[in-house]
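J.: One structure follows; several queries about it will come next.
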Amino acid sequence: MTRQKTNRKNPLRVLVISAHPDDVDFGCAGTLARWVKEGAEIVYAICTSGEKGTDDPSMTNEKLARTREKEQRAAAKVIGSREVIFLRKTDGELQYSLEFRGELVRVIRKFRPDILFTHDPANRAFDNQYLFHADHRVVGELAFDAAYPAALNHNFFPGHLAEGLTPHAVSEMYFFAAAQPNTWVDIESTLNQKIKALSCHTSQIKDPKLMGEFVRTWFGAWGKEKGLAYAERFRRLQIFRDPAQRLRQLKKSLG
Ligand SMILES: [Zn+2]
């Protein structure tokens with residue numbers, strides 16, 4: 001069920017593009033921690049520094065941004081991720097633009113991931129206040145459009161070539177918090193690591209005990225769907241370049 005094609009010599013490369021600090025830890029940190037143990041190299045690109053995430057009027061945007069970046073770097077360490085890149089866009093004000101898409105293409109061409117995790121651009125149910133944050137919708141769409149077809153086609157953002165960045169094909173996308181999941185990853189062995197990573201986001205957590213219970217309840221329910229103790233679930237999408245591979249997949253999907 002999970003992709004385990006990783007080894008020390010040719011490690012699986014995974015990029016996560018998310019809107020805010022802590023999205024990655026809620027979304028997929030349990031899966032990432034498992035893959036790190038199998039040798040994967042993980043990088044996070046976080047579009048904002050989450051500077052609006054406070055109800056304390058005495059907290060400045062600058063101070064909170066610094067705090068949240070520090071928290072996210074600590075959380076990445078817990079999971080074993082290699083690097084956290086902050087694009088430092090304005091929290092809560094993300095807009096779809098060609099320029100922003102180009103920035104994400106640049107990150108993809110630079111890090112060259114096999115797998116890209118992001119928010120699910122197909123989610124439009126508006127049945128959960130956190131899932132349907134405007135920034136999540138924008139980033140999900142942009143990350144997909146950056147991976148396909150822009151990053152793999154030299155005609156998109158040709159100026160990147162002068163920076164030494166050549167086209168790159170992402171093989172698979174994993175959308176987290178998907179309304180129509182098709183992939184469940186067993187995270188029983190890394191649930192405590194996920195909770196520990198989430199607890200690094202101290203500026204966002206008023207009651208760590210309650211957060212732990214919330215995470216166990218949430219991911220326990222997703223695990224139960226597949227007879228597992230705890231699971232993260234995703235909508236996984238393979239991106240084909242080879243027409244023969246595409247035909248095989250079509251035949252498989254038609255049974
Ligand atoms: Zn978020």
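In the structure tokens, each chain is lettered A, B, ... as it comes, each chain's residues begin at 1, and ligands are numbered from 1 in order of appearance.
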Any residue with an atom at most 6 Å from ligand 1 counts, using only C-alpha atoms and all ligand atoms. Which are they? Put them as a list in words.

T.: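 The residues within 6 Å of ligand 1, counting only C-alpha atoms and all ligand atoms, are Ala19, His20 and Asp23 of chain A.
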
J.: Store the residues picked out above, limited to N, CA and C atoms, as a PDB file, in the first residue's frame.

T.:
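Result went into again24.pdb, see below:
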ATOM      1  N   ALA A  19       0.694  25.166   3.155  1.00  0.00           N
ATOM      2  CA  ALA A  19       0.407  26.587   3.320  1.00  0.00           C
ATOM      3  C   ALA A  19       1.050  27.162   4.579  1.00  0.00           C
ATOM      4  N   HIS A  20       0.929  26.430   5.695  1.00  0.00           N
ATOM      5  CA  HIS A  20       1.317  26.982   7.005  1.00  0.00           C
ATOM      6  C   HIS A  20       2.206  26.011   7.778  1.00  0.00           C
ATOM      7  N   ASP A  23       0.769  22.274   9.091  1.00  0.00           N
ATOM      8  CA  ASP A  23      -0.057  21.511   8.137  1.00  0.00           C
ATOM      9  C   ASP A  23       0.563  20.147   7.841  1.00  0.00           C
TER      10      ASP A  23
END

J.: If you count only C-alpha atoms, which residues fall within 10 Å of Ile187 of chain A, apart from same-chain ones fewer than 4 positions away, as a ChimeraX atom specification?

T.: /A:28-34,191-194,219-220,223,228-233

J.: Please, what distance in Å, to one decimal, runs between atom CA of Arg235 of chain A and atom CA of Phe176 of chain A?

T.: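 Rounded to one decimal, the two atoms are 6.8 Å apart.
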
J.: Choose the residue, out of A:Gln245, A:Thr183, A:Ser199, A:Thr90, that has the smallest atom-to-atom separation from Phe26 of chain A; count only C-alpha atoms.

T.: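 The answer is A:Ser199, which sits nearest to Phe26 of chain A.
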
J.: Can you check which residues of segment 18-115 of chain A DSSP gives as alpha helix (DSSP H) on the backbone and send them as number ranges by chain?

T.: A: 23-27, 29-37, 61-79, 98-111

J.: Need to verify the contact set: segment 108-118 of chain A, 9 Å, only C-alpha atoms, exclusion of same-chain residues closer than 4 positions in sequence. Can you return it as a VMD selection string?

T.: chain A and resid 12 to 19 24 27 to 28 41 to 43 103 to 104 136 139 to 140 143 to 144 146 to 147 151 to 152 160 164 to 176

J.: Those residues with C-alpha atoms, as a PDB file, in the first residue's frame please?

T.:
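out21.pdb, freshly written:
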ATOM      1  CA  LEU A  12      13.238   8.198  -2.304  1.00  0.00           C
ATOM      2  CA  ARG A  13      12.933  11.970  -2.484  1.00  0.00           C
ATOM      3  CA  VAL A  14       9.837  13.521  -0.993  1.00  0.00           C
ATOM      4  CA  LEU A  15       8.756  17.169  -1.044  1.00  0.00           C
ATOM      5  CA  VAL A  16       5.896  18.566   0.982  1.00  0.00           C
ATOM      6  CA  ILE A  17       4.362  21.872  -0.119  1.00  0.00           C
ATOM      7  CA  SER A  18       2.017  23.276   2.487  1.00  0.00           C
ATOM      8  CA  ALA A  19       0.407  26.587   3.320  1.00  0.00           C
ATOM      9  CA  VAL A  24       2.577  18.923   7.292  1.00  0.00           C
ATOM     10  CA  GLY A  27      -1.303  15.965   7.207  1.00  0.00           C
ATOM     11  CA  CYS A  28       1.440  13.413   6.699  1.00  0.00           C
ATOM     12  CA  GLU A  41      15.018  12.246   2.011  1.00  0.00           C
ATOM     13  CA  ILE A  42      12.339  14.748   2.927  1.00  0.00           C
ATOM     14  CA  VAL A  43      12.129  18.505   2.384  1.00  0.00           C
ATOM     15  CA  GLU A 103       8.307  29.750  -7.334  1.00  0.00           C
ATOM     16  CA  LEU A 104       6.895  26.296  -6.622  1.00  0.00           C
ATOM     17  CA  HIS A 136      -4.993  25.432   1.674  1.00  0.00           C
ATOM     18  CA  VAL A 139      -1.636  25.924  -2.330  1.00  0.00           C
ATOM     19  CA  GLY A 140      -3.220  22.589  -3.327  1.00  0.00           C
ATOM     20  CA  ALA A 143       1.356  22.702  -6.141  1.00  0.00           C
ATOM     21  CA  PHE A 144      -0.469  20.403  -8.537  1.00  0.00           C
ATOM     22  CA  ALA A 146       3.513  23.380 -10.607  1.00  0.00           C
ATOM     23  CA  ALA A 147       4.207  19.636 -10.705  1.00  0.00           C
ATOM     24  CA  ALA A 151       7.983  21.461 -13.776  1.00  0.00           C
ATOM     25  CA  LEU A 152       8.510  18.759 -16.373  1.00  0.00           C
ATOM     26  CA  HIS A 160      15.118  28.484 -14.688  1.00  0.00           C
ATOM     27  CA  GLY A 164      20.916  25.486 -13.720  1.00  0.00           C
ATOM     28  CA  LEU A 165      17.435  24.137 -12.985  1.00  0.00           C
ATOM     29  CA  THR A 166      16.348  21.572 -15.562  1.00  0.00           C
ATOM     30  CA  PRO A 167      12.832  20.131 -16.024  1.00  0.00           C
ATOM     31  CA  HIS A 168      11.787  17.485 -13.530  1.00  0.00           C
ATOM     32  CA  ALA A 169       8.970  14.935 -13.506  1.00  0.00           C
ATOM     33  CA  VAL A 170       7.263  14.217 -10.185  1.00  0.00           C
ATOM     34  CA  SER A 171       6.076  10.584 -10.256  1.00  0.00           C
ATOM     35  CA  GLU A 172       3.308  10.700  -7.682  1.00  0.00           C
ATOM     36  CA  MET A 173       1.271  13.156  -5.690  1.00  0.00           C
ATOM     37  CA  TYR A 174      -0.197  12.440  -2.270  1.00  0.00           C
ATOM     38  CA  PHE A 175      -2.978  14.828  -1.301  1.00  0.00           C
ATOM     39  CA  PHE A 176      -3.553  14.997   2.435  1.00  0.00           C
TER      40      PHE A 176
END

J.: How far is it from atom CA of Ala65 of chain A to atom CA of Val36 of chain A, in Å with one decimal?

T.: 27.1 Å

J.: Would you compute the distance between atom CA of Glu213 of chain A and atom CA of Tyr130 of chain A? Give it in Å to one decimal.

T.: 17.6 Å

J.: Output as a list of chain:residue names all residues of segment 59-148 of chain A that backbone DSSP marks as strand (DSSP E).

T.: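 In segment 59-148 of chain A, DSSP puts these residues in strand (DSSP E): A:Glu83, A:Val84, A:Ile85, A:Phe86, A:Leu87, A:Arg88, A:Lys89, A:Ile115, A:Leu116, A:Phe117, A:Thr118, A:His119.
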
J.: Which residues, written as an NGL selection string, have at least one atom at most 12 Å from Arg124 of chain A, with only C-alpha atoms counted and residues fewer than 3 positions away on the same chain left out?

T.: :A and (119-121 or 127-129 or 131-134 or 136-138 or 140-141 or 177-180)

J.: Please produce a file of the residues just selected, as an mmCIF file, in the first residue's frame, where the atoms kept are N, CA and C atoms.

T.:
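Contents of out_30.cif, freshly written:
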data_model
loop_
_atom_site.group_PDB
_atom_site.id
_atom_site.type_symbol
_atom_site.label_atom_id
_atom_site.label_comp_id
_atom_site.auth_asym_id
_atom_site.auth_seq_id
_atom_site.Cartn_x
_atom_site.Cartn_y
_atom_site.Cartn_z
ATOM 1 N N HIS A 119 -1.900 19.830 -0.030
ATOM 2 C CA HIS A 119 -3.338 19.888 0.266
ATOM 3 C C HIS A 119 -4.112 19.370 -0.947
ATOM 4 N N ASP A 120 -5.288 18.809 -0.709
ATOM 5 C CA ASP A 120 -6.059 18.269 -1.830
ATOM 6 C C ASP A 120 -6.851 19.381 -2.527
ATOM 7 N N PRO A 121 -6.470 19.699 -3.793
ATOM 8 C CA PRO A 121 -7.185 20.781 -4.484
ATOM 9 C C PRO A 121 -8.626 20.414 -4.823
ATOM 10 N N ASP A 127 -16.919 21.510 5.083
ATOM 11 C CA ASP A 127 -17.565 20.922 6.254
ATOM 12 C C ASP A 127 -16.609 20.883 7.450
ATOM 13 N N ASN A 128 -15.464 21.561 7.309
ATOM 14 C CA ASN A 128 -14.500 21.566 8.400
ATOM 15 C C ASN A 128 -13.724 22.877 8.315
ATOM 16 N N GLN A 129 -13.739 23.625 9.393
ATOM 17 C CA GLN A 129 -13.168 24.986 9.338
ATOM 18 C C GLN A 129 -11.674 25.002 9.005
ATOM 19 N N LEU A 131 -9.843 22.479 7.316
ATOM 20 C CA LEU A 131 -9.519 21.916 5.999
ATOM 21 C C LEU A 131 -9.755 22.903 4.874
ATOM 22 N N PHE A 132 -10.713 23.785 5.061
ATOM 23 C CA PHE A 132 -11.115 24.631 3.935
ATOM 24 C C PHE A 132 -10.638 26.074 4.047
ATOM 25 N N HIS A 133 -9.528 26.214 4.768
ATOM 26 C CA HIS A 133 -8.833 27.495 4.820
ATOM 27 C C HIS A 133 -8.473 27.895 3.378
ATOM 28 N N ALA A 134 -8.692 29.167 3.034
ATOM 29 C CA ALA A 134 -8.438 29.630 1.660
ATOM 30 C C ALA A 134 -7.001 29.332 1.217
ATOM 31 N N HIS A 136 -5.149 26.859 2.014
ATOM 32 C CA HIS A 136 -4.993 25.432 1.674
ATOM 33 C C HIS A 136 -5.493 25.177 0.256
ATOM 34 N N ARG A 137 -6.601 25.820 -0.087
ATOM 35 C CA ARG A 137 -7.162 25.614 -1.427
ATOM 36 C C ARG A 137 -6.200 26.132 -2.498
ATOM 37 N N VAL A 138 -5.653 27.321 -2.245
ATOM 38 C CA VAL A 138 -4.741 27.928 -3.224
ATOM 39 C C VAL A 138 -3.471 27.090 -3.378
ATOM 40 N N GLY A 140 -2.956 23.890 -2.699
ATOM 41 C CA GLY A 140 -3.220 22.589 -3.327
ATOM 42 C C GLY A 140 -3.254 22.723 -4.840
ATOM 43 N N GLU A 141 -3.943 23.739 -5.304
ATOM 44 C CA GLU A 141 -4.056 23.936 -6.748
ATOM 45 C C GLU A 141 -2.705 24.309 -7.372
ATOM 46 N N ALA A 177 -5.548 15.098 3.792
ATOM 47 C CA ALA A 177 -6.905 15.519 4.169
ATOM 48 C C ALA A 177 -7.857 15.418 2.976
ATOM 49 N N ALA A 178 -7.711 14.365 2.190
ATOM 50 C CA ALA A 178 -8.532 14.206 0.991
ATOM 51 C C ALA A 178 -9.935 13.725 1.334
ATOM 52 N N ALA A 179 -10.914 14.282 0.644
ATOM 53 C CA ALA A 179 -12.295 13.844 0.861
ATOM 54 C C ALA A 179 -12.522 12.472 0.229
ATOM 55 N N GLN A 180 -11.775 12.163 -0.814
ATOM 56 C CA GLN A 180 -11.917 10.859 -1.469
ATOM 57 C C GLN A 180 -10.581 10.128 -1.472
#

J.: Of the residues A:Ala74, A:Ala125, A:Ala40, A:Ala244, which is the one nearest to Asp22 of chain A, using only C-alpha atoms?

T.: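 So, comparing all the options, the nearest one is A:Ala74.
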
J.: Nearest to Asp145 of chain A: which of A:Glu71, A:Asp207, A:Trp222, A:Ile239 is it, counting only C-alpha atoms?

T.: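 Among A:Glu71, A:Asp207, A:Trp222, A:Ile239, it is A:Ile239 that comes nearest to Asp145 of chain A.
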
J.: Skipping near chain neighbours, those fewer than 5 positions away, what residues fall within 6 Å of Arg88 of chain A using only C-alpha atoms, listed as a list in words?

T.: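 These residues fall inside the cut-off: Cys47, Thr48 and Ser49 of chain A.
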
J.: How would the residues just picked look written out with C-alpha atoms as a compact mmCIF listing (two decimals), in the first residue's frame?

T.:
# COMPACT_ATOMS: atom_id res chain seq x y z
CA CYS A 47 4.42 29.00 1.77
CA THR A 48 3.70 31.24 4.77
CA SER A 49 5.15 31.49 8.25
